[in-house]
file target_8.cif (mmCIF, C-alpha atoms and all ligand atoms)
data_upload
loop_
_atom_site.group_PDB
_atom_site.id
_atom_site.type_symbol
_atom_site.label_atom_id
_atom_site.label_comp_id
_atom_site.auth_asym_id
_atom_site.auth_seq_id
_atom_site.Cartn_x
_atom_site.Cartn_y
_atom_site.Cartn_z
ATOM 1 C CA MET W 1 -53.673 109.031 -34.574
ATOM 2 C CA GLY W 2 -51.575 110.896 -37.141
ATOM 3 C CA LEU W 3 -51.795 109.658 -40.720
ATOM 4 C CA ASP W 4 -48.904 109.532 -43.124
ATOM 5 C CA PRO W 5 -48.982 109.128 -46.915
ATOM 6 C CA GLY W 6 -48.219 105.512 -47.819
ATOM 7 C CA LEU W 7 -50.074 104.211 -44.802
ATOM 8 C CA SER W 8 -50.856 101.006 -46.689
ATOM 9 C CA ALA W 9 -47.369 99.873 -45.642
ATOM 10 C CA VAL W 10 -48.630 99.634 -42.081
ATOM 11 C CA ARG W 11 -52.193 98.397 -42.801
ATOM 12 C CA ASP W 12 -51.678 95.425 -40.520
ATOM 13 C CA LEU W 13 -51.334 97.875 -37.614
ATOM 14 C CA GLU W 14 -54.833 99.257 -38.054
ATOM 15 C CA GLY W 15 -56.040 96.549 -35.674
ATOM 16 C CA PHE W 16 -54.044 98.264 -32.992
ATOM 17 C CA VAL W 17 -55.579 101.632 -33.733
ATOM 18 C CA ALA W 18 -59.026 100.170 -33.109
ATOM 19 C CA SER W 19 -57.840 98.478 -29.956
ATOM 20 C CA PRO W 20 -59.426 100.098 -26.874
ATOM 21 C CA GLY W 21 -57.899 100.720 -23.481
ATOM 22 C CA CYS W 22 -54.265 101.168 -24.427
ATOM 23 C CA ARG W 23 -52.793 103.983 -22.337
ATOM 24 C CA LEU W 24 -49.633 104.656 -24.368
ATOM 25 C CA GLY W 25 -49.645 105.605 -28.039
ATOM 26 C CA HIS W 26 -51.907 108.679 -27.837
ATOM 27 C CA PRO W 27 -51.357 110.090 -30.318
ATOM 28 C CA LEU W 28 -49.718 107.353 -32.380
ATOM 29 C CA VAL W 29 -48.098 108.820 -35.498
ATOM 30 C CA LEU W 30 -47.797 106.055 -38.118
ATOM 31 C CA LYS W 31 -45.212 106.530 -40.853
ATOM 32 C CA ALA W 32 -44.495 104.344 -43.838
ATOM 33 C CA LEU W 33 -40.913 105.657 -43.968
ATOM 34 C CA THR W 34 -38.919 108.025 -41.820
ATOM 35 C CA GLY W 35 -35.320 108.817 -40.931
ATOM 36 C CA SER W 36 -35.438 107.808 -37.272
ATOM 37 C CA THR W 37 -38.544 107.544 -35.096
ATOM 38 C CA ASN W 38 -36.406 108.719 -32.164
ATOM 39 C CA ASP W 39 -35.719 111.967 -34.012
ATOM 40 C CA ASP W 40 -39.444 112.299 -34.808
ATOM 41 C CA ALA W 41 -40.435 111.660 -31.186
ATOM 42 C CA ARG W 42 -37.792 114.088 -29.918
ATOM 43 C CA ALA W 43 -39.244 116.734 -32.238
ATOM 44 C CA LEU W 44 -42.742 115.980 -30.923
ATOM 45 C CA ALA W 45 -41.472 116.260 -27.342
ATOM 46 C CA HIS W 46 -39.835 119.613 -28.088
ATOM 47 C CA GLN W 47 -43.184 120.749 -29.527
ATOM 48 C CA GLY W 48 -44.813 119.844 -26.199
ATOM 49 C CA ALA W 49 -46.274 116.371 -26.913
ATOM 50 C CA GLY W 50 -47.599 114.765 -23.755
ATOM 51 C CA HIS W 51 -46.732 111.542 -21.948
ATOM 52 C CA GLY W 52 -47.347 108.521 -24.169
ATOM 53 C CA ALA W 53 -47.188 110.206 -27.570
ATOM 54 C CA ALA W 54 -45.488 107.811 -29.973
ATOM 55 C CA VAL W 55 -44.148 107.438 -33.501
ATOM 56 C CA LEU W 56 -44.158 104.115 -35.319
ATOM 57 C CA ALA W 57 -42.559 103.522 -38.718
ATOM 58 C CA ASP W 58 -42.623 100.653 -41.169
ATOM 59 C CA ALA W 59 -39.051 101.465 -42.227
ATOM 60 C CA GLN W 60 -36.268 103.879 -41.265
ATOM 61 C CA THR W 61 -33.506 105.322 -43.445
ATOM 62 C CA ALA W 62 -31.344 106.435 -40.504
ATOM 63 C CA GLY W 63 -32.280 104.130 -37.629
ATOM 64 C CA ARG W 64 -29.935 104.638 -34.694
ATOM 65 C CA GLY W 65 -28.697 102.133 -32.125
ATOM 66 C CA ARG W 66 -26.797 102.583 -28.878
ATOM 67 C CA LEU W 67 -23.195 103.780 -28.874
ATOM 68 C CA GLY W 68 -23.519 105.476 -32.262
ATOM 69 C CA ARG W 69 -24.406 102.317 -34.148
ATOM 70 C CA THR W 70 -26.819 102.000 -37.075
ATOM 71 C CA TRP W 71 -30.095 100.084 -36.617
ATOM 72 C CA THR W 72 -30.891 98.303 -39.868
ATOM 73 C CA SER W 73 -34.568 99.066 -40.532
ATOM 74 C CA PRO W 74 -36.053 97.366 -43.627
ATOM 75 C CA PRO W 75 -39.818 97.603 -44.324
ATOM 76 C CA GLY W 76 -42.602 95.112 -43.790
ATOM 77 C CA ASP W 77 -41.614 92.969 -40.853
ATOM 78 C CA ASN W 78 -40.454 94.823 -37.768
ATOM 79 C CA LEU W 79 -41.495 97.441 -35.253
ATOM 80 C CA TYR W 80 -39.623 100.744 -35.027
ATOM 81 C CA LEU W 81 -41.308 102.620 -32.219
ATOM 82 C CA SER W 82 -40.439 105.675 -30.135
ATOM 83 C CA ILE W 83 -42.456 106.785 -27.125
ATOM 84 C CA VAL W 84 -42.348 110.123 -25.303
ATOM 85 C CA TRP W 85 -42.201 109.222 -21.596
ATOM 86 C CA ARG W 86 -42.750 112.071 -19.125
ATOM 87 C CA ALA W 87 -44.167 110.456 -15.969
ATOM 88 C CA GLY W 88 -42.156 110.063 -12.763
ATOM 89 C CA LEU W 89 -38.950 111.709 -13.992
ATOM 90 C CA ASP W 90 -38.645 113.531 -10.685
ATOM 91 C CA ARG W 91 -38.307 110.112 -9.012
ATOM 92 C CA VAL W 92 -36.608 107.848 -11.569
ATOM 93 C CA ASP W 93 -33.395 108.688 -13.452
ATOM 94 C CA PRO W 94 -33.387 108.147 -17.243
ATOM 95 C CA PRO W 95 -30.877 105.225 -17.115
ATOM 96 C CA LEU W 96 -33.116 103.372 -14.649
ATOM 97 C CA LEU W 97 -36.146 104.025 -16.852
ATOM 98 C CA ALA W 98 -34.205 102.584 -19.794
ATOM 99 C CA LEU W 99 -33.354 99.503 -17.757
ATOM 100 C CA GLY W 100 -36.996 99.055 -16.736
ATOM 101 C CA ALA W 101 -38.023 99.407 -20.373
ATOM 102 C CA GLY W 102 -35.734 96.525 -21.344
ATOM 103 C CA LEU W 103 -37.389 94.360 -18.680
ATOM 104 C CA ALA W 104 -40.844 95.353 -19.943
ATOM 105 C CA VAL W 105 -39.956 94.498 -23.539
ATOM 106 C CA SER W 106 -38.533 91.137 -22.495
ATOM 107 C CA GLU W 107 -41.677 90.290 -20.515
ATOM 108 C CA ALA W 108 -43.926 91.409 -23.373
ATOM 109 C CA LEU W 109 -42.075 89.325 -25.967
ATOM 110 C CA ASP W 110 -42.371 86.207 -23.782
ATOM 111 C CA GLU W 111 -46.007 86.029 -24.940
ATOM 112 C CA TYR W 112 -44.679 85.154 -28.396
ATOM 113 C CA THR W 113 -41.701 82.905 -27.713
ATOM 114 C CA PRO W 114 -41.692 79.183 -26.836
ATOM 115 C CA SER W 115 -39.321 79.810 -23.908
ATOM 116 C CA PRO W 116 -38.543 82.996 -21.975
ATOM 117 C CA THR W 117 -36.473 85.797 -23.459
ATOM 118 C CA ALA W 118 -33.500 87.196 -21.539
ATOM 119 C CA VAL W 119 -32.085 90.671 -20.944
ATOM 120 C CA LYS W 120 -28.449 91.375 -21.687
ATOM 121 C CA TRP W 121 -27.465 94.374 -19.556
ATOM 122 C CA PRO W 122 -28.366 97.111 -19.963
ATOM 123 C CA ASN W 123 -31.378 96.460 -22.174
ATOM 124 C CA ASP W 124 -30.887 94.139 -25.129
ATOM 125 C CA VAL W 125 -33.617 91.511 -25.341
ATOM 126 C CA ARG W 126 -32.357 88.153 -26.528
ATOM 127 C CA HIS W 127 -33.494 84.604 -27.196
ATOM 128 C CA GLY W 128 -31.104 81.706 -27.627
ATOM 129 C CA GLY W 129 -28.166 84.113 -27.396
ATOM 130 C CA LYS W 130 -29.393 86.232 -30.335
ATOM 131 C CA LYS W 131 -30.843 89.726 -30.240
ATOM 132 C CA LEU W 132 -34.604 90.127 -30.702
ATOM 133 C CA ALA W 133 -34.964 93.752 -29.663
ATOM 134 C CA GLY W 134 -32.892 96.794 -28.745
ATOM 135 C CA LEU W 135 -33.656 99.991 -26.936
ATOM 136 C CA LEU W 136 -32.265 103.495 -27.387
ATOM 137 C CA ALA W 137 -33.355 105.842 -24.581
ATOM 138 C CA GLU W 138 -32.622 109.535 -25.054
ATOM 139 C CA ALA W 139 -33.342 112.103 -22.352
ATOM 140 C CA ILE W 140 -34.444 115.641 -23.122
ATOM 141 C CA TYR W 141 -33.468 118.188 -20.477
ATOM 142 C CA ARG W 142 -35.016 121.453 -19.412
ATOM 143 C CA GLY W 143 -32.118 123.040 -17.553
ATOM 144 C CA THR W 144 -30.659 120.281 -15.387
ATOM 145 C CA ASN W 145 -33.896 118.270 -15.097
ATOM 146 C CA PRO W 146 -35.131 115.697 -17.615
ATOM 147 C CA SER W 147 -38.483 116.790 -19.057
ATOM 148 C CA ALA W 148 -38.937 113.662 -21.197
ATOM 149 C CA VAL W 149 -37.226 110.443 -22.152
ATOM 150 C CA VAL W 150 -37.691 109.128 -25.679
ATOM 151 C CA LEU W 151 -37.825 105.341 -25.491
ATOM 152 C CA GLY W 152 -36.878 104.005 -28.919
ATOM 153 C CA LEU W 153 -37.559 100.357 -29.573
ATOM 154 C CA GLY W 154 -36.535 98.184 -32.458
ATOM 155 C CA VAL W 155 -38.146 94.732 -32.428
ATOM 156 C CA ASN W 156 -37.513 92.019 -34.998
ATOM 157 C CA VAL W 157 -40.989 90.576 -35.501
ATOM 158 C CA ARG W 158 -41.905 88.863 -38.761
ATOM 159 C CA GLY W 159 -38.670 88.410 -40.701
ATOM 160 C CA ASP W 160 -38.194 84.808 -41.815
ATOM 161 C CA ALA W 161 -34.489 85.332 -42.522
ATOM 162 C CA MET W 162 -32.029 87.785 -41.033
ATOM 163 C CA PRO W 163 -29.661 89.728 -43.315
ATOM 164 C CA ALA W 164 -26.452 87.691 -43.754
ATOM 165 C CA GLU W 165 -24.343 90.126 -41.731
ATOM 166 C CA LEU W 166 -26.737 89.834 -38.749
ATOM 167 C CA ALA W 167 -27.697 86.153 -38.902
ATOM 168 C CA ALA W 168 -25.147 85.045 -36.293
ATOM 169 C CA ILE W 169 -26.155 87.646 -33.721
ATOM 170 C CA ALA W 170 -29.818 88.521 -34.309
ATOM 171 C CA THR W 171 -33.130 86.724 -34.695
ATOM 172 C CA SER W 172 -36.864 87.496 -35.007
ATOM 173 C CA LEU W 173 -39.996 86.436 -33.136
ATOM 174 C CA ARG W 174 -41.088 84.597 -36.269
ATOM 175 C CA LEU W 175 -37.842 82.593 -36.434
ATOM 176 C CA VAL W 176 -37.986 81.782 -32.732
ATOM 177 C CA ARG W 177 -41.603 80.590 -32.756
ATOM 178 C CA GLY W 178 -41.583 79.041 -36.224
ATOM 179 C CA ALA W 179 -44.863 80.706 -37.215
ATOM 180 C CA ASP W 180 -46.036 84.095 -38.458
ATOM 181 C CA LEU W 181 -47.547 86.596 -36.069
ATOM 182 C CA ASP W 182 -49.400 89.874 -35.947
ATOM 183 C CA ARG W 183 -47.400 93.101 -35.553
ATOM 184 C CA ALA W 184 -50.421 94.860 -34.059
ATOM 185 C CA ALA W 185 -50.687 92.260 -31.273
ATOM 186 C CA VAL W 186 -46.977 92.585 -30.480
ATOM 187 C CA LEU W 187 -47.297 96.374 -30.457
ATOM 188 C CA ARG W 188 -50.207 96.182 -28.029
ATOM 189 C CA SER W 189 -48.307 93.814 -25.714
ATOM 190 C CA LEU W 190 -45.288 96.125 -25.733
ATOM 191 C CA LEU W 191 -47.275 99.268 -24.952
ATOM 192 C CA ASP W 192 -49.292 97.579 -22.191
ATOM 193 C CA ARG W 193 -46.222 96.089 -20.527
ATOM 194 C CA LEU W 194 -44.186 99.305 -20.773
ATOM 195 C CA ASP W 195 -47.059 101.186 -19.164
ATOM 196 C CA ALA W 196 -47.390 98.647 -16.324
ATOM 197 C CA THR W 197 -43.696 98.041 -15.598
ATOM 198 C CA LEU W 198 -42.501 101.630 -15.899
ATOM 199 C CA GLY W 199 -45.589 102.827 -14.002
ATOM 200 C CA ALA W 200 -44.637 100.468 -11.139
ATOM 201 C CA LEU W 201 -41.000 101.603 -11.300
ATOM 202 C CA CYS W 202 -42.036 105.250 -10.999
ATOM 203 C CA ALA W 203 -44.564 104.580 -8.228
ATOM 204 C CA ASP W 204 -42.709 102.026 -6.087
ATOM 205 C CA GLY W 205 -39.014 102.438 -6.948
ATOM 206 C CA PHE W 206 -36.505 99.940 -8.306
ATOM 207 C CA GLY W 207 -36.903 97.137 -5.700
ATOM 208 C CA ALA W 208 -39.441 94.805 -7.332
ATOM 209 C CA VAL W 209 -38.391 95.702 -10.876
ATOM 210 C CA ARG W 210 -34.757 94.950 -9.935
ATOM 211 C CA ARG W 211 -35.729 91.475 -8.686
ATOM 212 C CA ARG W 212 -37.658 90.735 -11.902
ATOM 213 C CA LEU W 213 -34.719 91.961 -13.940
ATOM 214 C CA LEU W 214 -32.214 89.842 -11.979
ATOM 215 C CA ASP W 215 -34.398 86.795 -12.744
ATOM 216 C CA ARG W 216 -33.999 87.239 -16.491
ATOM 217 C CA CYS W 217 -30.680 89.078 -16.815
ATOM 218 C CA GLU W 218 -28.363 86.623 -18.578
ATOM 219 C CA THR W 219 -25.414 88.904 -17.786
ATOM 220 C CA ILE W 220 -25.542 87.982 -14.094
ATOM 221 C CA GLY W 221 -23.122 85.111 -13.501
ATOM 222 C CA ALA W 222 -21.475 85.586 -16.909
ATOM 223 C CA ARG W 223 -17.843 86.429 -17.546
ATOM 224 C CA VAL W 224 -17.724 89.951 -18.953
ATOM 225 C CA THR W 225 -15.310 92.692 -19.966
ATOM 226 C CA ALA W 226 -16.109 96.374 -19.545
ATOM 227 C CA GLY W 227 -13.275 98.632 -20.643
ATOM 228 C CA GLU W 228 -10.228 97.565 -18.605
ATOM 229 C CA VAL W 229 -12.193 95.353 -16.216
ATOM 230 C CA THR W 230 -12.727 91.602 -16.772
ATOM 231 C CA GLY W 231 -14.532 89.391 -14.309
ATOM 232 C CA THR W 232 -17.900 87.932 -13.351
ATOM 233 C CA ALA W 233 -21.046 90.081 -13.308
ATOM 234 C CA ILE W 234 -22.550 89.492 -9.868
ATOM 235 C CA ASP W 235 -25.330 92.001 -9.278
ATOM 236 C CA LEU W 236 -27.269 95.115 -10.203
ATOM 237 C CA ASP W 237 -26.803 97.950 -7.717
ATOM 238 C CA PRO W 238 -29.710 100.182 -6.594
ATOM 239 C CA THR W 239 -29.011 102.607 -9.463
ATOM 240 C CA GLY W 240 -29.131 99.841 -12.084
ATOM 241 C CA ALA W 241 -25.347 99.748 -12.600
ATOM 242 C CA ILE W 242 -23.809 96.324 -13.152
ATOM 243 C CA VAL W 243 -21.453 95.036 -10.457
ATOM 244 C CA ILE W 244 -18.434 93.027 -11.615
ATOM 245 C CA ARG W 245 -16.023 91.028 -9.427
ATOM 246 C CA ASP W 246 -12.617 90.773 -11.108
ATOM 247 C CA ASP W 247 -10.244 87.818 -10.835
ATOM 248 C CA ARG W 248 -8.475 89.386 -7.827
ATOM 249 C CA GLY W 249 -11.766 89.734 -5.975
ATOM 250 C CA ALA W 250 -12.039 93.514 -6.432
ATOM 251 C CA VAL W 251 -15.547 94.791 -7.097
ATOM 252 C CA HIS W 252 -16.253 97.334 -9.859
ATOM 253 C CA THR W 253 -19.448 99.189 -10.705
ATOM 254 C CA VAL W 254 -20.151 99.925 -14.371
ATOM 255 C CA ARG W 255 -22.892 102.466 -15.102
ATOM 256 C CA SER W 256 -23.025 102.532 -18.881
ATOM 257 C CA GLY W 257 -21.484 101.275 -22.079
ATOM 258 C CA GLU W 258 -21.206 97.806 -23.477
ATOM 259 C CA LEU W 259 -20.120 94.522 -21.963
ATOM 260 C CA ARG W 260 -18.143 92.084 -24.045
HETATM 261 C C1 LIG C 1 -29.631 99.137 -29.822
HETATM 262 O O1 LIG C 1 -29.801 97.963 -29.507
HETATM 263 O O2 LIG C 1 -28.509 99.573 -30.145
HETATM 264 C C2 LIG C 1 -30.801 100.058 -29.794
HETATM 265 C C3 LIG C 1 -31.593 100.018 -31.071
HETATM 266 C C4 LIG C 1 -32.791 100.937 -31.064
HETATM 267 C C5 LIG C 1 -33.470 101.004 -32.415
HETATM 268 C C6 LIG C 1 -34.763 101.741 -32.365
HETATM 269 S S1 LIG C 1 -35.723 101.536 -33.828
HETATM 270 C C7 LIG C 1 -36.824 102.763 -33.309
HETATM 271 C C8 LIG C 1 -35.982 103.868 -32.695
HETATM 272 N N1 LIG C 1 -35.517 104.771 -33.727
HETATM 273 C C9 LIG C 1 -34.175 104.733 -33.857
HETATM 274 O O3 LIG C 1 -33.510 105.421 -34.665
HETATM 275 N N2 LIG C 1 -33.652 103.874 -32.982
HETATM 276 C C10 LIG C 1 -34.675 103.241 -32.162
#
call {"tool": "encode", "arguments": {"input": "target_8.cif", "output": "structure tokens", "more": "lines below"}}
Ligand code: BTN
result
Amino acid sequence: MGLDPGLSAVRDLEGFVASPGCRLGHPLVLKALTGSTNDDARALAHQGAGHGAAVLADAQTAGRGRLGRTWTSPPGDNLYLSIVWRAGLDRVDPPLLALGAGLAVSEALDEYTPSPTAVKWPNDVRHGGKKLAGLLAEAIYRGTNPSAVVLGLGVNVRGDAMPAELAAIATSLRLVRGADLDRAAVLRSLLDRLDATLGALCADGFGAVRRRLLDRCETIGARVTAGEVTGTAIDLDPTGAIVIRDDRGAVHTVRSGELR
């Protein structure tokens, strides 16, 4: 484990450090404050960090979301975690890994919610229509081949009120379950489930992971708009792209971006 000055901010995570048998998070660099854990993990990857190395911060000053958005990252309550993933990249494309990671996070967070969480394609994790967690996956290439994918996770854990500007669209595990909980336990669940689900994806392909994702993907069956296309989301194709049938019956495949 790497130590950072101001570690007292993440004292409650020491339980995790003592926790045996966890296969991801070696080393785990704990930071009281950083710009973005994704930037830190990317730097570690460029320096040659191995599969499973991770950076966890109590707060971020420049947390990044998908599509160039900011990820609000106040101290004390949440998890801001970035993992260097290197396994299986010769078999699984980075977008599919990112999709599998969303499934893993959703399954892990179910341990802490009174009813199951859902995935909004591609990988937002939601409960009651509000966002609990988001994932920013960034691939690092050597030539034309990915040598690592940084899986950056932001999870709203212990906040008992969301900032006013987010209250309508985001929630926390604490708000959903109505009781406080342990960040270290949530961290352990996330790392274990990411290891298991992404390990299975790399070993066995998308088939079983796709079925699990379809079971909890709230986008399937919903009316959606992607760019110029509006219709009903009907499926995930074998590459993880979302399949939309428009009102004329034409079928469109959307590989990335945001659905409205
Ligand atoms: C999204 O839903 O737009 C993705 C949000 C991802 C946020 C996490 S917090 C830890 C890691 N570091 C970052 O700068 N971003 C990711």
call {"tool": "closest_atom_pairs", "arguments": {"input": "target_8.cif", "of": "chain W", "to": "ligand LIG 1 (chain C)", "cutoff": "6 Å", "atoms": "only C-alpha atoms and all ligand atoms", "output": "Markdown table"}}
result
| residue | atom | partner | partner_atom | distance |
| --- | --- | --- | --- | --- |
| W:Ser36 | CA | C:LIG1 | O3 | 4.0 |
| W:Thr37 | CA | C:LIG1 | N1 | 4.3 |
| W:Asn38 | CA | C:LIG1 | N1 | 4.3 |
| W:Gly63 | CA | C:LIG1 | O3 | 3.5 |
| W:Arg64 | CA | C:LIG1 | O3 | 3.7 |
| W:Gly65 | CA | C:LIG1 | O2 | 3.2 |
| W:Arg66 | CA | C:LIG1 | O2 | 3.7 |
| W:Trp71 | CA | C:LIG1 | C5 | 5.5 |
| W:Tyr80 | CA | C:LIG1 | C7 | 3.9 |
| W:Leu81 | CA | C:LIG1 | C7 | 4.6 |
| W:Ser82 | CA | C:LIG1 | C8 | 5.4 |
| W:Asp124 | CA | C:LIG1 | O1 | 5.9 |
| W:Gly134 | CA | C:LIG1 | O1 | 3.4 |
| W:Leu135 | CA | C:LIG1 | C2 | 4.0 |
| W:Leu136 | CA | C:LIG1 | C2 | 4.4 |
| W:Gly152 | CA | C:LIG1 | C8 | 3.9 |
| W:Leu153 | CA | C:LIG1 | C6 | 4.2 |
| W:Gly154 | CA | C:LIG1 | S1 | 3.7 |
call {"tool": "resolve_selection", "arguments": {"input": "target_8.cif", "expression": "the PyMOL selection byres (((chain W and resi 245) around 7) and not hetatm)", "output": "compact mmCIF listing (two decimals) with C-alpha atoms, in the frame of the given file"}}
result
# COMPACT_ATOMS: atom_id res chain seq x y z
CA GLY W 231 -14.53 89.39 -14.31
CA THR W 232 -17.90 87.93 -13.35
CA ALA W 233 -21.05 90.08 -13.31
CA ILE W 234 -22.55 89.49 -9.87
CA VAL W 243 -21.45 95.04 -10.46
CA ILE W 244 -18.43 93.03 -11.62
CA ASP W 246 -12.62 90.77 -11.11
CA ASP W 247 -10.24 87.82 -10.84
CA GLY W 249 -11.77 89.73 -5.98
CA ALA W 250 -12.04 93.51 -6.43
CA VAL W 251 -15.55 94.79 -7.10
CA HIS W 252 -16.25 97.33 -9.86
call {"tool": "atom_distance", "arguments": {"input": "target_8.cif", "atom1": "CA of Leu173 (chain W)", "atom2": "CA of Val157 (chain W)"}}
result
4.9 Å
call {"tool": "resolve_selection", "arguments": {"input": "target_8.cif", "expression": "the PyMOL selection byres (((chain W and resi 116) around 10) and not hetatm)", "output": "ChimeraX atom specification"}}
result
/W:106-107,109-115,117-118,126-128,216
call {"tool": "atom_distance", "arguments": {"input": "target_8.cif", "atom1": "CA of Pro122 (chain W)", "atom2": "CA of Ala32 (chain W)"}}
result
29.7 Å
call {"tool": "axis_aligned_box", "arguments": {"input": "target_8.cif", "around": "region 43-61 of chain W", "padding_each_side": "3 Å", "output": "JSON"}}
result
{"center_x": -40.6, "center_y": 110.7, "center_z": -32.7, "size_x": 20.1, "size_y": 26.1, "size_z": 27.5}
call {"tool": "closest_residue", "arguments": {"input": "target_8.cif", "among": "W:Leu67, W:Val55, W:Val119, W:Ile169", "to": "Asp215 (chain W)", "atoms": "all atoms listed in the file"}}
result
W:Val119
call {"tool": "build_atoms", "arguments": {"input": "target_8.cif", "residues": "region 134-141 of chain W", "atoms": "all heavy atoms", "output": "compact mmCIF listing (two decimals), in the coordinates of the input"}}
result
# COMPACT_ATOMS: atom_id res chain seq x y z
N GLY W 134 -33.83 95.87 -29.37
CA GLY W 134 -32.89 96.79 -28.74
C GLY W 134 -33.59 98.08 -28.39
O GLY W 134 -34.65 98.41 -28.95
N LEU W 135 -33.02 98.80 -27.45
CA LEU W 135 -33.66 99.99 -26.94
C LEU W 135 -32.67 101.16 -26.87
O LEU W 135 -31.57 100.99 -26.35
CB LEU W 135 -34.15 99.67 -25.52
CG LEU W 135 -35.22 100.60 -25.00
CD1 LEU W 135 -36.33 99.78 -24.40
CD2 LEU W 135 -34.63 101.52 -23.96
N LEU W 136 -33.07 102.27 -27.43
CA LEU W 136 -32.26 103.50 -27.39
C LEU W 136 -33.07 104.55 -26.64
O LEU W 136 -34.07 105.05 -27.16
CB LEU W 136 -31.96 103.97 -28.82
CG LEU W 136 -31.20 105.30 -28.94
CD1 LEU W 136 -29.79 105.17 -28.37
CD2 LEU W 136 -31.14 105.74 -30.40
N ALA W 137 -32.65 104.85 -25.40
CA ALA W 137 -33.35 105.84 -24.58
C ALA W 137 -32.58 107.15 -24.63
O ALA W 137 -31.37 107.17 -24.40
CB ALA W 137 -33.46 105.35 -23.15
N GLU W 138 -33.27 108.22 -24.96
CA GLU W 138 -32.62 109.54 -25.05
C GLU W 138 -33.40 110.55 -24.22
O GLU W 138 -34.59 110.78 -24.45
CB GLU W 138 -32.57 109.98 -26.52
CG GLU W 138 -31.74 109.03 -27.38
CD GLU W 138 -31.63 109.47 -28.83
OE1 GLU W 138 -32.68 109.68 -29.47
OE2 GLU W 138 -30.51 109.59 -29.31
N ALA W 139 -32.68 111.14 -23.24
CA ALA W 139 -33.34 112.10 -22.35
C ALA W 139 -33.30 113.50 -22.97
O ALA W 139 -32.34 113.87 -23.65
CB ALA W 139 -32.65 112.11 -21.00
N ILE W 140 -34.37 114.24 -22.72
CA ILE W 140 -34.44 115.64 -23.12
C ILE W 140 -34.49 116.46 -21.84
O ILE W 140 -35.31 116.18 -20.95
CB ILE W 140 -35.72 115.89 -23.96
CG1 ILE W 140 -35.62 115.10 -25.27
CG2 ILE W 140 -35.93 117.38 -24.23
CD1 ILE W 140 -36.90 115.09 -26.06
N TYR W 141 -33.58 117.42 -21.73
CA TYR W 141 -33.47 118.19 -20.48
C TYR W 141 -34.04 119.59 -20.61
O TYR W 141 -33.90 120.23 -21.66
CB TYR W 141 -31.99 118.28 -20.06
CG TYR W 141 -31.50 116.98 -19.45
CD1 TYR W 141 -31.03 115.96 -20.27
CD2 TYR W 141 -31.54 116.78 -18.08
CE1 TYR W 141 -30.60 114.75 -19.72
CE2 TYR W 141 -31.11 115.58 -17.52
CZ TYR W 141 -30.65 114.58 -18.35
OH TYR W 141 -30.24 113.39 -17.80
